[in-house]
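Visitor: Structure provided below as structure tokens; questions to follow.
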There are 2 protein chains.
Amino acid sequence: MYVDNSLSSAQTPAVDWGRKGWMTMMRQVWRLAKRPVGDIADGDLVFREEPIPELRDGQILVQVGYLSLDPTNRIWMSDMEQYMPPVGIGDPMRGGVVGRVVASRNPAFPEGALAAGLGEWASHIVTDGTGMSLFPELPGISIAAAFGTFGVVGPTAYFGLLDIGQPKPGETLVVGAAAGGVGQIVGQIGKIKGCKVIGIAGGPEKCRFVTQELGFDHAIDYKAQDVGAALDRLAPDGVDINFEQVGGPIMSAVISRMKLFGRIPLCGMISGYNATDAHEEPGRWTLILMRRLTIRGFIVTDFAPRFGESFQQLAQWMMEGKIKTRQDIRPGLEQANETVKLLYSGGNFGKLLVEVSKL
Amino acid sequence: MYVDNSLSSAQTPAVDWGRKGWMTMMRQVWRLAKRPVGDIADGDLVFREEPIPELRDGQILVQVGYLSLDPTNRIWMSDMEQYMPPVGIGDPMRGGVVGRVVASRNPAFPEGALAAGLGEWASHIVTDGTGMSLFPELPGISIAAAFGTFGVVGPTAYFGLLDIGQPKPGETLVVGAAAGGVGQIVGQIGKIKGCKVIGIAGGPEKCRFVTQELGFDHAIDYKAQDVGAALDRLAPDGVDINFEQVGGPIMSAVISRMKLFGRIPLCGMISGYNATDAHEEPGRWTLILMRRLTIRGFIVTDFAPRFGESFQQLAQWMMEGKIKTRQDIRPGLEQANETVKLLYSGGNFGKLLVEVSKL
């Protein structure tokens, strides 16, 4: 089958993606059939094979190489209050992608270029380029590593930590989900800025990774240790910056140990995304007041006008070997509905990507 | 009696405060006998008459004119986590004061000058001047108005709103305890900065005051109205800045109506200061994230190095008639333990001061 063929082999000679015979071309796509209640269940997302519409002026066809799976995907599936419109019922599931421009009627995206941005859980995407940009190929850095670093998580870590966290040498930085896509970068930037970095991760393998591979000062295994007690031991004077992506009792344990004038960049609450009740951790209003904490919620797109700054700096740090990133690459678009669940169970180890086709 | 005499008449010819006969001089002072449980009760504070110690080198004797009563007084009486050491059991109760230097062995505070700062609930204070500064007499502004504006509340309003709230023309500012010491100034600065200002206050008289006297755009009487419903009507697009001093359900009603990128300067939680349980309003972590709110706790002393800036600007606005302040002046140091309770019942109308002696 045509689409299967294009998915399975990047070595296949270039296909004639021109207008001729267009209607015979198909794509695979996940559509949201209904909003999950609690955990994502079979039938919430449906996998379809569909004809690819003919390109209109200004449009491009992108063959997706990697699909980024991110905690916020679960938010987009819901109709909870959120920072973009939720994915509509029946619409293609939204996701970050990088892929090859295989046909173009838009001079900004020439055929053969890599393009990345907000796309769909699909083998191919037809778009006018809104929300996409050309994606550079960096010497010595694989496309997966570059996309897994610069796609979403790099700017999230960069702006959240530097703009909101404002790390100073000698300060103590705590980062949860430390072996995840954002966490691993946050901790390494913290080290570059001279902080004592404590990562919180699930299991000894991830804890070893962030300390031995990434150079964090300490790691706390939340599956085996009492996070609060461990913090009391590792940071007896308290925490200056808590880069918060998780929420729940771990967040509460960290917040209650914040120092005066501490900062909490808040970019996720993954522990609650699958909750069916409206439970939230208790307010810590009095503590925020007495310790004069700053809490600021943010979404990476808030910093979109400055993405270039973060890409440039992160690329430099990567090429200098100061930042390493680990990707957890899972094959198969058709498994994406299962693969995404790893995020909510802590099953991924590194930035979670689906390899949709070889780039 | 000597002290009574000095308290009741500023017209009394200057007393010889020199060393001779010093031991015969007495002062009145409130001391903290035990920490209140819930509301302040009889016997928590005790009123004493005590000899005034002889001045040592570097010390001054201040005859207190006005004692500032502030919500935070209740915090200082407790041993809850707080931003300064709590008042020790048996120690004089801490409070903001302005008074006349009636004896000085410190050239920075000449006799006859006005001095203001953090002092004691007392008729006279012996101090080396730590935490005190000279207090200017402003043309056309009474000492009570100047002290009631510049003592604590002015910088609180100024830095909280301008530095943290960052008001922009056309934005919607909500201020609770609007007729109180801080609230009345916050709202007027908000108007100067071009905001739509909505005050929340208890009772029609205070609501009329903030709209008709101070020029707020709207007032919500929390004793008679549903605050949330009123906000839906008065600010259908939501709230950009919530200057928060109150906490409790009113805070929750405002926060749930914050706009994207809203700011919450948080300088008090008065509704909970007398609580005997550890209840706090629910956390709004998901909302903080999704709307990318900034919440920052602060205490006015955090901005102490910049107090001069606030005093200068506030004085200018007062002399231009752009800021008016109302004081609620209650006579009698010996009633201070009762007067302070007005803050927690909403019984004061304007900045609450005790007139300790005529200045």
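Following the order of the structure tokens, chains are lettered A, B, ..., residues in each are numbered from 1, and ligands are numbered from 1.
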Check every residue of chain B for an atom within 12 Å of chain A, counting only C-alpha atoms, and provide those that qualify as an MDAnalysis selection string.
Guide: chainID B and resid 72 75:76 80:85 160 164 244:248 251:252 256 259:273 278:303
Visitor: With only C-alpha atoms as the counted atoms, please give the residues lying no more than 7 Å from segment 181-195 of chain A, apart from itself and same-chain residues fewer than 6 positions off, as a PDB file with N, CA and C atoms, in the first residue's frame.
Guide:
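Listing of part_27.pdb after writing:
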```
ATOM      1  N   VAL A 153      10.379  21.239  24.327  1.00  0.00           N
ATOM      2  CA  VAL A 153      10.872  21.159  25.698  1.00  0.00           C
ATOM      3  C   VAL A 153      12.016  22.136  25.964  1.00  0.00           C
ATOM      4  N   GLY A 154      12.842  22.381  24.958  1.00  0.00           N
ATOM      5  CA  GLY A 154      13.978  23.280  25.165  1.00  0.00           C
ATOM      6  C   GLY A 154      13.550  24.681  25.558  1.00  0.00           C
ATOM      7  N   THR A 156      10.742  25.573  26.746  1.00  0.00           N
ATOM      8  CA  THR A 156      10.030  25.491  28.028  1.00  0.00           C
ATOM      9  C   THR A 156      11.027  25.551  29.181  1.00  0.00           C
ATOM     10  N   ALA A 157      12.075  24.745  29.073  1.00  0.00           N
ATOM     11  CA  ALA A 157      13.087  24.728  30.127  1.00  0.00           C
ATOM     12  C   ALA A 157      13.822  26.056  30.195  1.00  0.00           C
ATOM     13  N   TYR A 158      14.185  26.547  29.037  1.00  0.00           N
ATOM     14  CA  TYR A 158      15.020  27.751  28.955  1.00  0.00           C
ATOM     15  C   TYR A 158      14.305  28.973  29.552  1.00  0.00           C
ATOM     16  N   LEU A 161      13.042  28.436  33.352  1.00  0.00           N
ATOM     17  CA  LEU A 161      14.078  28.525  34.379  1.00  0.00           C
ATOM     18  C   LEU A 161      14.740  29.908  34.393  1.00  0.00           C
ATOM     19  N   PRO A 167      17.760  31.855  38.141  1.00  0.00           N
ATOM     20  CA  PRO A 167      18.723  31.157  39.001  1.00  0.00           C
ATOM     21  C   PRO A 167      19.989  31.976  39.234  1.00  0.00           C
ATOM     22  N   LYS A 168      20.484  31.897  40.445  1.00  0.00           N
ATOM     23  CA  LYS A 168      21.723  32.572  40.807  1.00  0.00           C
ATOM     24  C   LYS A 168      22.708  31.531  41.342  1.00  0.00           C
ATOM     25  N   PRO A 169      23.996  31.789  41.137  1.00  0.00           N
ATOM     26  CA  PRO A 169      24.984  30.808  41.607  1.00  0.00           C
ATOM     27  C   PRO A 169      24.800  30.505  43.090  1.00  0.00           C
ATOM     28  N   GLY A 170      24.883  29.227  43.418  1.00  0.00           N
ATOM     29  CA  GLY A 170      24.765  28.815  44.811  1.00  0.00           C
ATOM     30  C   GLY A 170      23.349  28.541  45.259  1.00  0.00           C
ATOM     31  N   GLU A 171      22.379  28.883  44.433  1.00  0.00           N
ATOM     32  CA  GLU A 171      21.001  28.610  44.818  1.00  0.00           C
ATOM     33  C   GLU A 171      20.663  27.129  44.601  1.00  0.00           C
ATOM     34  N   THR A 172      19.596  26.714  45.275  1.00  0.00           N
ATOM     35  CA  THR A 172      19.150  25.328  45.169  1.00  0.00           C
ATOM     36  C   THR A 172      17.934  25.250  44.264  1.00  0.00           C
ATOM     37  N   LEU A 173      18.061  24.434  43.227  1.00  0.00           N
ATOM     38  CA  LEU A 173      17.002  24.229  42.237  1.00  0.00           C
ATOM     39  C   LEU A 173      16.489  22.804  42.350  1.00  0.00           C
ATOM     40  N   VAL A 175      13.954  20.082  40.461  1.00  0.00           N
ATOM     41  CA  VAL A 175      13.183  19.829  39.252  1.00  0.00           C
ATOM     42  C   VAL A 175      12.596  18.426  39.318  1.00  0.00           C
ATOM     43  N   LEU A 214      23.960  13.417  33.500  1.00  0.00           N
ATOM     44  CA  LEU A 214      23.638  14.837  33.289  1.00  0.00           C
ATOM     45  C   LEU A 214      24.305  15.758  34.300  1.00  0.00           C
ATOM     46  N   PHE A 216      23.514  16.332  37.540  1.00  0.00           N
ATOM     47  CA  PHE A 216      22.770  16.884  38.671  1.00  0.00           C
ATOM     48  C   PHE A 216      23.526  16.541  39.959  1.00  0.00           C
ATOM     49  N   ILE A 323      25.030  20.465  27.449  1.00  0.00           N
ATOM     50  CA  ILE A 323      23.686  19.919  27.582  1.00  0.00           C
ATOM     51  C   ILE A 323      23.580  18.679  26.715  1.00  0.00           C
ATOM     52  N   THR A 325      20.806  15.495  25.835  1.00  0.00           N
ATOM     53  CA  THR A 325      19.404  15.131  26.017  1.00  0.00           C
ATOM     54  C   THR A 325      19.193  13.701  25.578  1.00  0.00           C
ATOM     55  N   GLY A 350      13.281   9.931  29.168  1.00  0.00           N
ATOM     56  CA  GLY A 350      13.747  10.909  28.196  1.00  0.00           C
ATOM     57  C   GLY A 350      12.562  11.474  27.430  1.00  0.00           C
ATOM     58  N   LYS A 351      12.864  12.362  26.528  1.00  0.00           N
ATOM     59  CA  LYS A 351      11.809  12.996  25.738  1.00  0.00           C
ATOM     60  C   LYS A 351      11.113  11.944  24.877  1.00  0.00           C
TER      61      LYS A 351
END
```
Visitor: For Ile329 of chain A, list every protein, DNA or RNA residue within 7 Å, evaluated using only C-alpha atoms, and leave out those in the same chain fewer than 5 positions away; present the list as number ranges by chain.
Guide: A: 352-355
Visitor: Print the selection's residues with N, CA and C atoms to a file, as an mmCIF file, in the first residue's frame.
Guide:
```cif
data_model
loop_
_atom_site.group_PDB
_atom_site.id
_atom_site.type_symbol
_atom_site.label_atom_id
_atom_site.label_comp_id
_atom_site.auth_asym_id
_atom_site.auth_seq_id
_atom_site.Cartn_x
_atom_site.Cartn_y
_atom_site.Cartn_z
ATOM 1 N N LEU A 352 9.807 11.854 25.024
ATOM 2 C CA LEU A 352 9.050 10.805 24.335
ATOM 3 C C LEU A 352 8.708 11.238 22.910
ATOM 4 N N LEU A 353 9.176 10.424 21.952
ATOM 5 C CA LEU A 353 8.908 10.681 20.535
ATOM 6 C C LEU A 353 8.363 9.410 19.901
ATOM 7 N N VAL A 354 7.515 9.584 18.917
ATOM 8 C CA VAL A 354 7.102 8.472 18.065
ATOM 9 C C VAL A 354 7.824 8.628 16.733
ATOM 10 N N GLU A 355 8.477 7.580 16.314
ATOM 11 C CA GLU A 355 9.071 7.630 14.973
ATOM 12 C C GLU A 355 7.996 7.231 13.979
#
```
Visitor: Tell me which protein, DNA and RNA residues are within 10 Å of Phe209 of chain B, counting only C-alpha atoms, leaving out same-chain ones fewer than 3 positions away, and put them as a ChimeraX atom specification.
Guide: /B:178-179,184,201,204-206,212-216,219,326,349-350
Visitor: Using the selection just defined, write its residues with N, CA and C atoms as a short mmCIF file (atom, residue, chain, number, x, y, z; two decimals), in the first residue's frame.
Guide:
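Listing of out36.cif after writing:
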```
data_model
loop_
_atom_site.label_atom_id
_atom_site.label_comp_id
_atom_site.auth_asym_id
_atom_site.auth_seq_id
_atom_site.Cartn_x
_atom_site.Cartn_y
_atom_site.Cartn_z
N ALA B 178 -11.21 47.81 50.35
CA ALA B 178 -10.96 48.99 49.52
C ALA B 178 -10.97 50.29 50.31
N ALA B 179 -11.68 50.31 51.41
CA ALA B 179 -11.73 51.54 52.20
C ALA B 179 -10.70 51.51 53.31
N GLN B 184 -7.41 51.92 49.82
CA GLN B 184 -7.79 53.21 49.26
C GLN B 184 -6.67 53.79 48.39
N ALA B 201 -15.73 46.30 49.45
CA ALA B 201 -15.75 46.83 50.81
C ALA B 201 -17.04 46.39 51.49
N PRO B 204 -22.61 50.02 52.59
CA PRO B 204 -22.85 51.07 51.59
C PRO B 204 -22.01 52.32 51.82
N GLU B 205 -21.70 52.63 53.08
CA GLU B 205 -20.96 53.86 53.35
C GLU B 205 -19.55 53.78 52.76
N LYS B 206 -18.89 52.66 52.98
CA LYS B 206 -17.54 52.49 52.44
C LYS B 206 -17.58 52.43 50.91
N GLN B 212 -17.32 57.68 45.29
CA GLN B 212 -17.61 59.12 45.19
C GLN B 212 -16.46 59.98 45.69
N GLU B 213 -15.78 59.56 46.73
CA GLU B 213 -14.68 60.37 47.27
C GLU B 213 -13.36 60.06 46.59
N LEU B 214 -13.12 58.77 46.33
CA LEU B 214 -11.80 58.37 45.82
C LEU B 214 -11.78 58.14 44.32
N GLY B 215 -12.96 58.07 43.70
CA GLY B 215 -12.99 57.98 42.24
C GLY B 215 -12.83 56.57 41.67
N PHE B 216 -12.98 55.54 42.52
CA PHE B 216 -13.03 54.19 41.96
C PHE B 216 -14.20 54.10 40.97
N ALA B 219 -17.85 49.81 43.11
CA ALA B 219 -17.61 49.17 44.40
C ALA B 219 -18.60 48.03 44.57
N ARG B 326 -8.04 58.52 53.99
CA ARG B 326 -8.89 58.70 55.16
C ARG B 326 -8.28 57.92 56.31
N PHE B 349 -12.78 52.33 59.25
CA PHE B 349 -13.14 52.98 57.99
C PHE B 349 -12.01 53.94 57.68
N GLY B 350 -11.05 53.45 56.93
CA GLY B 350 -9.83 54.21 56.67
C GLY B 350 -8.70 53.60 57.47
#
```
Visitor: Take atom CA of Glu49 of chain B and atom CA of Asn106 of chain B and report the distance between them in Å, one decimal.
Guide: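 A separation of 25.4 Å between them.
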Visitor: Using DSSP assignments from the backbone, pull out every residue in segment 82-257 of chain B that falls under strand (DSSP E or B) and give it to me as number ranges by chain.
Guide: B: 92, 94-104, 114-120, 122, 124-127, 132-134, 172-175, 196-201, 218-221, 239-244
Visitor: Include C-alpha atoms and write out the residues we just selected as a JSON list (two decimals), in the first residue's frame.
Guide:
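The resulting part-v9.json:
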```json
[["chain", "number", "residue", "atom", "x", "y", "z"],
["B", 92, "PRO", "CA", 6.20, 44.98, 74.36],
["B", 94, "ARG", "CA", 5.30, 45.73, 68.21],
["B", 95, "GLY", "CA", 3.70, 48.44, 66.09],
["B", 96, "GLY", "CA", 4.30, 51.29, 63.71],
["B", 97, "VAL", "CA", 4.56, 54.65, 65.44],
["B", 98, "VAL", "CA", 5.22, 58.29, 64.81],
["B", 99, "GLY", "CA", 6.30, 60.51, 67.66],
["B", 100, "ARG", "CA", 8.35, 63.38, 68.86],
["B", 101, "VAL", "CA", 11.96, 62.98, 69.90],
["B", 102, "VAL", "CA", 11.86, 64.37, 73.42],
["B", 103, "ALA", "CA", 15.36, 63.40, 74.48],
["B", 104, "SER", "CA", 18.28, 62.40, 72.36],
["B", 114, "LEU", "CA", 9.44, 63.74, 64.41],
["B", 115, "ALA", "CA", 10.54, 60.13, 64.12],
["B", 116, "ALA", "CA", 8.58, 57.21, 62.69],
["B", 117, "GLY", "CA", 9.10, 53.52, 62.20],
["B", 118, "LEU", "CA", 8.66, 50.20, 63.87],
["B", 119, "GLY", "CA", 8.17, 50.75, 67.59],
["B", 120, "GLU", "CA", 5.97, 49.55, 70.39],
["B", 122, "ALA", "CA", 3.62, 52.44, 74.18],
["B", 124, "HIS", "CA", 7.18, 56.38, 75.05],
["B", 125, "ILE", "CA", 9.86, 54.36, 73.36],
["B", 126, "VAL", "CA", 13.56, 54.21, 74.09],
["B", 127, "THR", "CA", 15.42, 53.14, 70.97],
["B", 132, "MET", "CA", 13.09, 54.43, 62.75],
["B", 133, "SER", "CA", 13.68, 57.43, 60.55],
["B", 134, "LEU", "CA", 13.01, 61.13, 60.69],
["B", 172, "THR", "CA", -9.19, 45.96, 35.30],
["B", 173, "LEU", "CA", -7.92, 46.17, 38.88],
["B", 174, "VAL", "CA", -9.77, 44.67, 41.82],
["B", 175, "VAL", "CA", -8.87, 45.70, 45.33],
["B", 196, "LYS", "CA", -10.76, 50.40, 35.63],
["B", 197, "VAL", "CA", -10.85, 50.04, 39.42],
["B", 198, "ILE", "CA", -13.34, 47.89, 41.31],
["B", 199, "GLY", "CA", -13.21, 48.07, 45.08],
["B", 200, "ILE", "CA", -14.67, 45.50, 47.43],
["B", 201, "ALA", "CA", -15.75, 46.83, 50.81],
["B", 218, "HIS", "CA", -17.21, 50.60, 40.95],
["B", 219, "ALA", "CA", -17.61, 49.17, 44.40],
["B", 220, "ILE", "CA", -18.97, 45.82, 45.50],
["B", 221, "ASP", "CA", -20.51, 45.56, 48.96],
["B", 239, "VAL", "CA", -9.72, 40.82, 36.06],
["B", 240, "ASP", "CA", -6.13, 41.73, 35.16],
["B", 241, "ILE", "CA", -4.87, 42.56, 38.63],
["B", 242, "ASN", "CA", -6.16, 41.38, 41.97],
["B", 243, "PHE", "CA", -4.48, 43.24, 44.80],
["B", 244, "GLU", "CA", -4.98, 40.67, 47.52]]
```
Visitor: At what distance in Å, to one decimal, does atom CA of Gly165 of chain A lie from atom CA of Met258 of chain A?
Guide: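 Calculated distance between atom CA of Met258 of chain A and atom CA of Gly165 of chain A is 12.7 Å.
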Visitor: Within segment 109-161 of chain B, find each residue whose DSSP state, derived from the backbone, is alpha helix (DSSP H), and express the selection as a list in words.
Guide: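 Residues of segment 109-161 of chain B classed as alpha helix (DSSP H): Ile143, Ala144, Ala145, Ala146, Phe147, Gly148, Thr149, Phe150, Val153, Gly154, Pro155, Thr156, Ala157, Tyr158 and Phe159 of chain B.
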Visitor: Give the answer as one residue: which of A:Glu111, A:Glu334, A:Asp226, A:Glu309 has the shortest atom-to-atom distance to Ile60 of chain A, using only C-alpha atoms?
Guide: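 Under the stated criterion, the closest residue is A:Glu111.
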Visitor: Fewer than 4 positions away in the same chain doesn't count, so skip those; otherwise give me all residues within 8 Å of Ser78 of chain B, counting only C-alpha atoms, as a PDB file with N, CA and C atoms, in the first residue's frame.
Guide:
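selection_14.pdb, written as the output of this step:
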```
ATOM      1  N   ARG B  35      -0.193  34.135  73.707  1.00  0.00           N
ATOM      2  CA  ARG B  35      -0.577  34.189  72.293  1.00  0.00           C
ATOM      3  C   ARG B  35      -2.085  33.961  72.163  1.00  0.00           C
ATOM      4  N   PRO B  36      -2.769  34.831  71.440  1.00  0.00           N
ATOM      5  CA  PRO B  36      -4.214  34.635  71.270  1.00  0.00           C
ATOM      6  C   PRO B  36      -4.509  33.315  70.568  1.00  0.00           C
ATOM      7  N   ARG B  74      -1.832  40.941  64.281  1.00  0.00           N
ATOM      8  CA  ARG B  74      -2.317  39.649  64.782  1.00  0.00           C
ATOM      9  C   ARG B  74      -1.320  38.540  64.478  1.00  0.00           C
ATOM     10  N   PRO B  86       8.199  36.495  65.777  1.00  0.00           N
ATOM     11  CA  PRO B  86       6.991  36.907  66.497  1.00  0.00           C
ATOM     12  C   PRO B  86       7.380  37.715  67.734  1.00  0.00           C
ATOM     13  N   VAL B  87       6.440  38.479  68.235  1.00  0.00           N
ATOM     14  CA  VAL B  87       6.673  39.181  69.496  1.00  0.00           C
ATOM     15  C   VAL B  87       6.827  38.134  70.591  1.00  0.00           C
TER      16      VAL B  87
END
```
Visitor: Which value, in Å to one decimal, gives the distance between atom CA of Ala336 of chain A and atom CA of Pro53 of chain A?
Guide: 23.3 Å
